[in-house]
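Heads up, model.cif below (mmCIF, C-alpha atoms):
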```cif
data_start
loop_
_atom_site.label_atom_id
_atom_site.label_comp_id
_atom_site.auth_asym_id
_atom_site.auth_seq_id
_atom_site.Cartn_x
_atom_site.Cartn_y
_atom_site.Cartn_z
CA MET A 1 1.81 2.48 -15.54
CA LEU A 2 0.20 0.17 -18.07
CA GLY A 3 -1.25 3.14 -19.90
CA GLN A 4 -3.33 4.46 -16.99
CA LYS A 5 -3.78 8.21 -16.56
CA ARG A 6 -2.19 9.18 -13.25
CA ILE A 7 -2.29 12.38 -11.19
CA ARG A 8 0.71 13.90 -13.01
CA ASP A 9 -1.19 13.54 -16.27
CA PHE A 10 -3.68 16.04 -14.83
CA GLY A 11 -0.89 18.60 -14.40
CA VAL A 12 -0.42 17.92 -10.68
CA GLU A 13 3.14 17.52 -9.41
CA ILE A 14 3.44 16.61 -5.75
CA GLY A 15 6.44 17.71 -3.69
CA ASN A 16 10.02 18.57 -4.56
CA LEU A 17 11.85 15.29 -5.10
CA GLU A 18 12.21 13.42 -8.40
CA THR A 19 10.27 10.23 -9.00
CA GLY A 20 11.76 6.93 -10.08
CA HIS A 21 11.35 5.43 -13.57
CA TYR A 22 7.91 3.92 -12.93
CA ASN A 23 6.99 6.34 -10.13
CA SER A 24 6.17 3.17 -8.21
CA ILE A 25 7.27 1.02 -5.30
CA THR A 26 8.74 -1.27 -7.99
CA ASP A 27 11.41 1.33 -8.72
CA ILE A 28 13.22 -0.42 -5.88
CA LYS A 29 15.26 -3.16 -7.50
CA GLY A 30 13.72 -6.60 -6.93
CA VAL A 31 10.33 -5.39 -5.71
CA THR A 32 7.30 -6.65 -7.67
CA VAL A 33 3.53 -6.41 -7.23
CA GLY A 34 0.79 -8.77 -8.39
CA HIS A 35 -3.02 -8.71 -8.36
CA VAL A 36 -6.02 -10.96 -8.65
CA THR A 37 -9.21 -8.94 -9.23
CA LEU A 38 -12.69 -10.39 -8.74
CA SER A 39 -15.26 -8.05 -10.26
CA GLY A 40 -18.85 -8.82 -11.13
CA GLN A 41 -22.16 -7.74 -9.62
CA ASN A 42 -22.03 -8.32 -5.84
CA ARG A 43 -18.42 -9.52 -5.98
CA GLN A 44 -15.98 -6.58 -5.99
CA THR A 45 -12.82 -7.63 -4.22
CA GLY A 46 -9.38 -9.14 -4.73
CA VAL A 47 -5.83 -9.80 -3.57
CA THR A 48 -2.63 -7.79 -3.97
CA ALA A 49 0.79 -9.30 -3.28
CA ILE A 50 3.96 -7.27 -2.68
CA ILE A 51 7.17 -9.26 -3.19
CA PRO A 52 10.08 -7.41 -1.51
CA HIS A 53 12.90 -9.29 -3.26
CA GLN A 54 13.26 -12.12 -5.73
CA GLY A 55 15.26 -14.49 -3.55
CA ASN A 56 14.09 -16.69 -0.69
CA LEU A 57 12.61 -14.22 1.81
CA PHE A 58 12.58 -16.75 4.63
CA LYS A 59 16.28 -17.46 4.26
CA GLU A 60 17.21 -13.87 3.43
CA LYS A 61 15.05 -11.64 5.60
CA LEU A 62 14.82 -7.87 5.28
CA ILE A 63 15.04 -5.08 7.83
CA ALA A 64 11.42 -4.16 8.53
CA ALA A 65 9.14 -2.11 10.77
CA SER A 66 5.45 -1.42 11.24
CA HIS A 67 3.59 1.51 12.73
CA VAL A 68 -0.03 1.92 13.76
CA ILE A 69 -1.39 5.41 13.14
CA ASN A 70 -4.93 4.36 14.13
CA GLY A 71 -5.49 0.77 15.18
CA PHE A 72 -8.93 -0.04 13.74
CA GLY A 73 -7.52 -2.96 11.75
CA LYS A 74 -7.00 -6.71 11.56
CA THR A 75 -3.44 -7.16 10.34
CA ILE A 76 -1.39 -10.32 10.87
CA GLY A 77 2.36 -10.41 11.45
CA THR A 78 3.10 -6.88 12.59
CA ILE A 79 3.77 -7.83 16.23
CA GLN A 80 6.69 -10.03 15.24
CA ILE A 81 7.96 -7.46 12.75
CA ASN A 82 8.23 -4.93 15.58
CA GLU A 83 9.79 -7.44 17.97
CA LEU A 84 12.43 -8.89 15.64
CA GLY A 85 12.72 -6.09 13.09
CA THR A 86 12.60 -8.36 10.04
CA LEU A 87 10.28 -9.40 7.22
CA GLU A 88 10.36 -13.01 5.97
CA THR A 89 7.35 -13.35 3.64
CA PRO A 90 5.62 -11.42 0.88
CA ILE A 91 2.97 -8.93 2.04
CA ILE A 92 -0.62 -9.78 1.11
CA LEU A 93 -3.46 -7.23 0.98
CA THR A 94 -7.14 -8.24 0.79
CA ASN A 95 -10.54 -7.56 2.36
CA THR A 96 -11.19 -7.77 6.09
CA LEU A 97 -12.99 -11.12 6.21
CA SER A 98 -10.42 -12.81 3.96
CA VAL A 99 -7.43 -12.21 6.23
CA GLY A 100 -7.55 -15.81 7.55
CA THR A 101 -7.68 -17.30 4.06
CA ALA A 102 -4.81 -15.09 2.90
CA ALA A 103 -2.70 -16.08 5.91
CA ASP A 104 -3.41 -19.78 5.34
CA ALA A 105 -2.42 -19.43 1.68
CA LEU A 106 0.76 -17.50 2.42
CA ILE A 107 1.77 -20.06 5.05
CA GLU A 108 1.22 -22.85 2.51
CA TYR A 109 3.28 -20.96 -0.09
CA MET A 110 6.15 -20.53 2.39
CA LEU A 111 6.01 -24.19 3.48
CA GLU A 112 6.27 -25.35 -0.12
CA THR A 113 9.39 -23.29 -0.73
CA ASN A 114 10.99 -23.91 2.69
CA PRO A 115 10.69 -27.58 3.79
CA GLU A 116 12.68 -26.89 6.96
CA ILE A 117 9.89 -24.72 8.47
CA GLY A 118 8.32 -26.56 11.40
CA ARG A 119 10.87 -29.35 11.17
CA THR A 120 14.47 -28.24 11.69
CA THR A 121 13.69 -24.58 12.32
CA GLY A 122 10.81 -22.52 13.71
CA THR A 123 7.59 -21.45 12.07
CA VAL A 124 6.95 -18.50 9.74
CA ASN A 125 5.42 -15.06 10.20
CA PRO A 126 2.92 -14.30 7.39
CA VAL A 127 2.16 -10.62 6.88
CA ILE A 128 -1.41 -9.77 5.88
CA ALA A 129 -3.20 -6.41 5.88
CA GLU A 130 -6.77 -5.51 5.03
CA CYS A 131 -9.44 -2.92 4.38
CA ASN A 132 -13.23 -3.33 4.53
CA ASP A 133 -14.82 -3.35 1.06
CA MET A 134 -18.36 -4.23 2.24
CA PHE A 135 -20.10 -1.25 0.60
CA LEU A 136 -19.36 -2.47 -2.94
CA ASN A 137 -18.51 -6.10 -2.21
CA ASP A 138 -20.56 -8.87 -0.59
CA ILE A 139 -17.88 -9.41 2.01
CA ARG A 140 -19.94 -12.07 3.78
CA ALA A 141 -19.64 -14.31 0.71
CA ARG A 142 -15.90 -14.65 1.44
CA CYS A 143 -15.11 -15.42 -2.18
CA ILE A 144 -11.32 -15.08 -1.82
CA THR A 145 -9.61 -18.49 -2.00
CA LYS A 146 -6.06 -19.65 -1.44
CA GLU A 147 -5.66 -20.01 -5.21
CA HIS A 148 -6.28 -16.30 -5.62
CA VAL A 149 -3.39 -15.57 -3.24
CA PHE A 150 -1.09 -18.00 -5.07
CA GLN A 151 -2.05 -16.38 -8.38
CA ALA A 152 -1.43 -12.83 -7.11
CA ILE A 153 2.08 -13.88 -6.05
CA LYS A 154 2.66 -15.55 -9.41
CA ASN A 155 1.38 -12.47 -11.27
CA ALA A 156 3.85 -10.13 -9.57
CA SER A 157 5.66 -7.79 -11.95
CA SER A 158 7.41 -4.42 -12.10
CA GLU A 159 4.36 -2.89 -13.78
CA PHE A 160 0.86 -3.35 -12.43
CA LYS A 161 -2.56 -1.70 -12.46
CA GLU A 162 -3.64 0.89 -9.93
CA GLY A 163 -7.09 1.94 -8.78
CA THR A 164 -9.81 -0.71 -9.19
CA ALA A 165 -7.41 -3.64 -9.11
CA GLY A 166 -6.52 -6.47 -6.77
CA ALA A 167 -7.37 -5.74 -3.15
CA GLY A 168 -8.45 -2.26 -4.28
CA CYS A 169 -11.32 -3.50 -6.43
CA GLY A 170 -14.08 -2.69 -3.92
CA MET A 171 -12.47 0.09 -1.91
CA LEU A 172 -13.69 3.69 -1.44
CA CYS A 173 -11.60 6.81 -0.91
CA TYR A 174 -12.94 10.23 0.04
CA SER A 175 -16.46 8.95 -0.76
CA LEU A 176 -15.33 8.18 -4.33
CA LYS A 177 -13.85 5.02 -5.83
CA GLY A 178 -10.45 4.27 -4.30
CA GLY A 179 -8.10 1.30 -4.35
CA ILE A 180 -4.42 0.71 -5.16
CA GLY A 181 -2.00 3.58 -5.71
CA THR A 182 1.76 3.88 -5.81
CA SER A 183 4.55 6.45 -6.15
CA SER A 184 8.30 6.78 -5.55
CA ARG A 185 10.95 9.36 -4.79
CA LEU A 186 14.71 9.48 -5.39
CA MET A 187 16.98 10.44 -2.50
CA LYS A 188 20.44 11.73 -3.38
CA LEU A 189 23.04 11.56 -0.65
CA GLU A 190 26.83 11.93 -0.74
CA HIS A 191 27.35 8.16 -0.65
CA GLY A 192 24.76 7.26 -3.27
CA SER A 193 21.30 7.64 -4.76
CA TYR A 194 18.44 5.70 -3.19
CA THR A 195 14.73 5.15 -3.77
CA MET A 196 11.69 5.42 -1.51
CA GLY A 197 8.58 3.65 -2.81
CA VAL A 198 5.05 3.60 -1.41
CA LEU A 199 2.03 1.45 -2.27
CA VAL A 200 -1.31 2.26 -0.67
CA LEU A 201 -4.64 0.48 -0.35
CA THR A 202 -7.06 3.39 0.14
CA ASN A 203 -10.45 3.03 1.77
CA PHE A 204 -10.82 6.16 3.89
CA GLY A 205 -11.93 9.77 4.00
CA SER A 206 -15.02 11.94 3.44
CA LEU A 207 -15.48 13.89 0.21
CA ASP A 208 -15.61 17.24 1.96
CA ASP A 209 -12.01 16.80 3.15
CA LEU A 210 -10.32 15.85 -0.15
CA LYS A 211 -7.47 18.12 -1.18
CA ILE A 212 -5.29 17.83 -4.27
CA ASN A 213 -2.02 19.75 -4.04
CA GLY A 214 -3.66 22.10 -1.53
CA LYS A 215 -6.82 22.71 -3.55
CA ALA A 216 -10.11 21.89 -1.81
CA VAL A 217 -11.37 19.66 -4.63
CA GLY A 218 -13.68 17.75 -2.33
CA LYS A 219 -15.65 20.84 -1.33
CA GLU A 220 -15.91 21.85 -4.98
CA LEU A 221 -17.18 18.41 -5.98
CA LYS A 222 -19.58 18.21 -3.06
CA GLU A 223 -21.28 21.38 -4.23
CA VAL A 224 -21.85 20.10 -7.77
CA ILE A 225 -22.84 16.52 -6.95
CA ARG A 226 -24.91 17.68 -3.96
CA GLY A 227 -23.69 15.09 -1.51
CA SER A 228 -25.20 12.09 -3.28
CA TYR A 229 -21.97 10.14 -2.81
CA GLU A 230 -21.08 11.36 0.66
CA GLU A 231 -20.15 8.51 2.97
CA LYS A 232 -19.07 8.64 6.61
CA ASP A 233 -15.36 7.92 6.99
CA LYS A 234 -15.22 4.41 8.41
CA GLY A 235 -12.65 2.71 6.19
CA SER A 236 -8.91 2.28 6.38
CA VAL A 237 -5.65 2.76 4.54
CA ILE A 238 -2.70 0.40 4.37
CA ILE A 239 0.64 2.02 3.52
CA ILE A 240 3.44 -0.25 2.31
CA VAL A 241 6.81 1.52 2.30
CA GLY A 242 9.81 0.03 0.53
CA THR A 243 13.28 1.47 0.19
CA ASP A 244 16.84 0.51 -0.70
CA LEU A 245 18.17 3.10 1.75
CA PRO A 246 20.48 1.44 4.32
CA VAL A 247 18.66 1.90 7.64
CA SER A 248 18.24 0.20 10.98
CA THR A 249 14.83 -1.01 12.12
CA ARG A 250 14.63 1.97 14.44
CA GLN A 251 15.38 4.39 11.61
CA LEU A 252 12.87 2.66 9.33
CA ASN A 253 10.21 2.96 12.00
CA ARG A 254 10.89 6.69 12.22
CA ILE A 255 10.58 6.97 8.45
CA ILE A 256 7.29 5.10 8.04
CA LYS A 257 5.71 7.19 10.81
CA ARG A 258 6.11 10.20 8.50
CA ALA A 259 3.77 8.63 5.93
CA VAL A 260 1.03 10.36 7.93
CA THR A 261 2.17 13.74 6.57
CA GLY A 262 1.24 12.58 3.06
CA LEU A 263 -2.15 11.33 4.23
CA ALA A 264 -2.84 14.64 5.95
CA ARG A 265 -2.02 16.67 2.85
CA THR A 266 -4.74 14.80 0.94
CA GLY A 267 -7.21 15.77 3.67
CA SER A 268 -7.27 12.81 6.07
CA ILE A 269 -8.00 13.57 9.72
CA ILE A 270 -7.46 9.94 10.84
CA THR A 271 -10.97 9.31 12.15
CA THR A 272 -11.78 6.82 14.89
CA GLY A 273 -13.28 4.22 12.55
CA SER A 274 -10.46 4.33 10.01
CA GLY A 275 -7.50 1.99 10.47
CA GLU A 276 -4.20 3.44 9.28
CA VAL A 277 -1.29 0.99 9.30
CA ALA A 278 2.17 1.42 7.78
CA ILE A 279 4.50 -1.51 7.06
CA GLY A 280 8.01 -0.82 5.80
CA PHE A 281 11.03 -2.77 4.59
CA SER A 282 14.54 -2.01 3.34
CA THR A 283 16.23 -4.14 0.69
CA ALA A 284 19.68 -2.74 1.53
CA THR A 285 20.53 -5.53 3.97
CA LYS A 286 19.57 -9.20 3.93
CA ILE A 287 19.56 -10.96 7.29
CA PRO A 288 20.35 -14.70 7.04
CA HIS A 289 17.90 -17.06 8.74
CA GLU A 290 20.72 -19.35 9.86
CA ASN A 291 23.27 -18.11 12.37
CA PRO A 292 26.45 -17.42 10.35
CA SER A 293 28.63 -17.71 13.50
CA HIS A 294 30.15 -14.30 12.88
CA LEU A 295 29.05 -10.76 13.56
CA LEU A 296 26.54 -9.26 11.14
CA SER A 297 27.38 -5.94 9.55
CA ILE A 298 24.32 -3.74 9.01
CA PRO A 299 25.04 -0.42 7.26
CA MET A 300 22.85 2.54 8.07
CA ILE A 301 22.70 6.22 7.30
CA HIS A 302 23.73 8.86 9.80
CA GLU A 303 20.79 10.38 11.67
CA GLU A 304 21.57 13.78 10.16
CA GLU A 305 20.72 12.36 6.71
CA ILE A 306 17.27 11.06 7.57
CA ASP A 307 15.23 14.18 6.79
CA ILE A 308 15.32 13.48 3.06
CA ALA A 309 13.74 10.09 3.76
CA PHE A 310 11.04 11.81 5.86
CA ARG A 311 10.30 14.11 2.93
CA ALA A 312 10.37 11.25 0.42
CA VAL A 313 7.91 9.02 2.26
CA GLY A 314 5.45 11.89 2.80
CA GLU A 315 5.55 12.97 -0.85
CA ALA A 316 5.26 9.41 -2.15
CA THR A 317 2.35 8.62 0.18
CA GLU A 318 0.47 11.75 -0.86
CA GLU A 319 0.92 11.01 -4.56
CA ALA A 320 0.11 7.31 -4.14
CA VAL A 321 -3.24 8.20 -2.54
CA LEU A 322 -4.07 10.58 -5.41
CA ASN A 323 -3.02 7.96 -7.96
CA SER A 324 -5.38 5.47 -6.32
CA LEU A 325 -8.22 7.94 -6.87
CA VAL A 326 -7.58 9.07 -10.44
CA THR A 327 -6.83 5.58 -11.78
CA ALA A 328 -9.95 4.08 -10.20
CA THR A 329 -13.00 3.38 -12.35
CA HIS A 330 -16.70 3.81 -11.65
CA VAL A 331 -18.05 0.66 -9.98
CA VAL A 332 -21.59 -0.59 -9.36
CA GLY A 333 -21.41 -3.34 -6.78
CA ARG A 334 -23.40 -5.05 -4.04
CA ASP A 335 -27.13 -4.30 -4.07
CA GLY A 336 -26.58 -1.59 -6.68
CA ASN A 337 -24.27 0.46 -4.44
CA GLU A 338 -21.92 2.55 -6.52
CA ARG A 339 -19.05 4.98 -6.36
CA PRO A 340 -17.92 7.29 -9.16
CA ALA A 341 -14.38 7.74 -10.42
CA LEU A 342 -12.59 10.97 -9.57
CA SER A 343 -11.20 11.23 -13.12
CA ASP A 344 -14.73 11.18 -14.57
CA LEU A 345 -15.87 13.93 -12.19
CA LEU A 346 -12.85 16.13 -12.93
CA SER A 347 -13.66 15.91 -16.62
CA LYS A 348 -17.42 16.29 -16.23
CA TYR A 349 -17.20 19.41 -14.09
CA ASN A 350 -14.08 20.82 -15.78
CA ILE A 351 -12.06 21.01 -12.56
CA ARG A 352 -8.47 22.09 -13.20
CA PHE A 353 -5.41 22.62 -11.05
CA GLU A 354 -3.63 25.56 -12.68
#
```
Would you mind writing the structure in this file as structure tokens?
Amino acid sequence: MLGQKRIRDFGVEIGNLETGHYNSITDIKGVTVGHVTLSGQNRQTGVTAIIPHQGNLFKEKLIAASHVINGFGKTIGTIQINELGTLETPIILTNTLSVGTAADALIEYMLETNPEIGRTTGTVNPVIAECNDMFLNDIRARCITKEHVFQAIKNASSEFKEGTAGAGCGMLCYSLKGGIGTSSRLMKLEHGSYTMGVLVLTNFGSLDDLKINGKAVGKELKEVIRGSYEEKDKGSVIIIVGTDLPVSTRQLNRIIKRAVTGLARTGSIITTGSGEVAIGFSTATKIPHENPSHLLSIPMIHEEEIDIAFRAVGEATEEAVLNSLVTATHVVGRDGNERPALSDLLSKYNIRFE
């Protein structure tokens, strides 16, 4: 998107299913993504906002689920998602020490658009997720403000930058520069065609483990760069899964658990210091905030149809991770710390995938 060279432009096609038009989570109708990127010397960080639909999310909630693969993380809002099975705000991604600021901003945004919150109805459940960008970013400076969150929401669009953008600005992946990546898959069933979209914030992995479409690219790179960029895996990955497939919360939870298959195919072993969290939503059904005084009808697929969704989420996660790597740019950040871009290394050392 936006003219960036993605993994398919290197001749790599992941999986068996077709991609959507943008090959992005925004292939799901109504989903948009916005960034604010703060890049300069010791400041390498940002905010990414995922808007699941264009209506009032508080009044028209979505079926949602979350799943913890490894719990080394500081998310907000996932407990209530799992208890009630719904999402009622945008999803905000940022760095670890800016989670409180992001939550405060998202609450303020929701209060402005829903004057009944805290007056005639209950409160609101902001959803925030994070990764630690302290290697490239002066995370102690806590330079993210509420205005940055408001701006990321306002900037949301169907097309957006990947790699060194938004919350991904200061992130590492497989000891290289990581960040934001996205991909989608089409699912064709007898009753219709549906889309599975994934957006990742990548900040995990050691170079030695990196695989691209089964090829041990990390080992090959480690030999030529002689370990100068090797970094112990102590980061995280946030996986946002969106779909228009009609599913129950239970089914959606089963689907997002399978995102781990995509992570594993890129080489992740889910280390103890790496927090892997998946948050998913379906736009197929909107749940009204107010009690309609009649039974709700929630369509869902038959369990025998769910395997295609399992395949779709794994393929899209794998490709989203690789897109986050190849779209990222070389960054020199805090105290001169740096991480190279995978695309530069592939070109420099003539690594091909035929």
Would you mind telling me which residue in A:Leu221, A:Leu189, A:Val321, A:Leu97 lies nearest to Cys143 (chain A) when using only C-alpha atoms?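 The closest residue to Cys143 (chain A) is A:Leu97.
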By how many Å are CA of Gly267 (chain A) and CA of Ile279 (chain A) apart?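 Result for CA of Gly267 (chain A) versus CA of Ile279 (chain A): 21.1 Å, one decimal.
Computed from the coordinates, the CA of Asn132 (chain A) to CA of Gly30 (chain A) distance equals 29.5 Å.
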Per residue of region 115-196 of chain A within 12 Å of region 238-250 of chain A, note the shortest atom pair and the distance in Å to one decimal, counting all atoms listed in the file, and order the rows by chain and increasing residue number, as CSV.
```
residue,atom,partner,partner_atom,distance
A:Val127,CA,A:Ile240,CA,11.4
A:Ile128,CA,A:Ile238,CA,10.4
A:Ala129,CA,A:Ile238,CA,7.0
A:Glu130,CA,A:Ile238,CA,7.2
A:Cys131,CA,A:Ile238,CA,7.5
A:Asn132,CA,A:Ile238,CA,11.2
A:Ala167,CA,A:Ile238,CA,10.8
A:Gly168,CA,A:Ile238,CA,10.7
A:Met171,CA,A:Ile238,CA,11.6
A:Gly179,CA,A:Ile238,CA,10.3
A:Ile180,CA,A:Ile238,CA,9.7
A:Gly181,CA,A:Ile239,CA,9.7
A:Thr182,CA,A:Ile240,CA,9.3
A:Ser183,CA,A:Val241,CA,10.0
A:Ser184,CA,A:Gly242,CA,9.2
A:Arg185,CA,A:Thr243,CA,9.6
A:Leu186,CA,A:Thr243,CA,9.9
A:Met187,CA,A:Leu245,CA,8.6
A:Lys188,CA,A:Leu245,CA,10.3
A:Leu189,CA,A:Leu245,CA,10.1
A:His191,CA,A:Leu245,CA,10.8
A:Gly192,CA,A:Leu245,CA,9.3
A:Ser193,CA,A:Leu245,CA,8.5
A:Tyr194,CA,A:Leu245,CA,5.6
A:Thr195,CA,A:Thr243,CA,5.6
A:Met196,CA,A:Thr243,CA,4.6
```
Residues matched by the PyMOL selection byres ((chain A and resi 87) around 12), written as number ranges by chain: A: 50-53, 56-66, 77-86, 88-91, 124-128, 242, 249, 279-283, 285-289
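The closest residue to Val277 (chain A), picked from A:Lys29, A:Ser347, A:Ile69, A:Gly262 and counting all atoms listed in the file, is A:Ile69.
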Provide the CA of Pro292 (chain A) to CA of Ile255 (chain A) distance in Å, to one decimal place.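 Pair CA of Pro292 (chain A) / CA of Ile255 (chain A) returns 29.2 Å.
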Show me the residues close to (-13.3, 17.8, -14.5) - anything with an atom within 12 Å, counting all atoms listed in the file - and format the list as an MDAnalysis selection string. chainID A and resid 10 217 220:221 224 326 341:353
Convert the output of the PyMOL selection byres ((chain A and resi 210) around 12) on the shown file into explicit residues, formatted as a count of residues only. 36
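In this comparison, which uses only C-alpha atoms, the residue of A:Pro299, A:Gly336, A:Gly314, A:Gly235 approaching Val260 (chain A) most closely is A:Gly314.
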A:Lys74, A:Arg339, A:Arg258, A:His67: which is nearest Ala278 (chain A), counting all atoms listed in the file?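 With all atoms listed in the file as the atom set, the closest residue is A:His67.
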If you count all atoms listed in the file, which residues fall within 10 Å of Thr164 (chain A), apart from same-chain ones fewer than 6 positions away, as a PyMOL selection string? chain A and resi 37+39+44-46+170-172+177-181+324-325+327-331+341
For Phe72 (chain A), which residue out of A:Leu295, A:Val36, A:Ala165, A:Ile270 is the nearest one, using all atoms listed in the file?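 Answer, going by the shortest atom-to-atom distance: A:Ile270.
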Which residue of A:Met134, A:Gly40, A:Glu116, A:Met110 approaches Ser98 (chain A) most closely, using only C-alpha atoms: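 Checking each candidate against Ser98 (chain A), we get A:Met134 as the closest.
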Per residue of region 215-323 of chain A within 9 Å of region 13-24 of chain A, record the nearest atom pair and its distance in Å to one decimal, counting only C-alpha atoms, with rows in chain order and ascending residue number, as CSV.
```
residue,atom,partner,partner_atom,distance
A:Arg311,CA,A:Leu17,CA,8.3
A:Ala312,CA,A:Leu17,CA,7.0
A:Gly314,CA,A:Gly15,CA,8.8
A:Glu315,CA,A:Gly15,CA,5.6
A:Ala316,CA,A:Ile14,CA,8.3
A:Glu318,CA,A:Ile14,CA,7.5
A:Glu319,CA,A:Ile14,CA,6.3
A:Ala320,CA,A:Ser24,CA,8.4
```
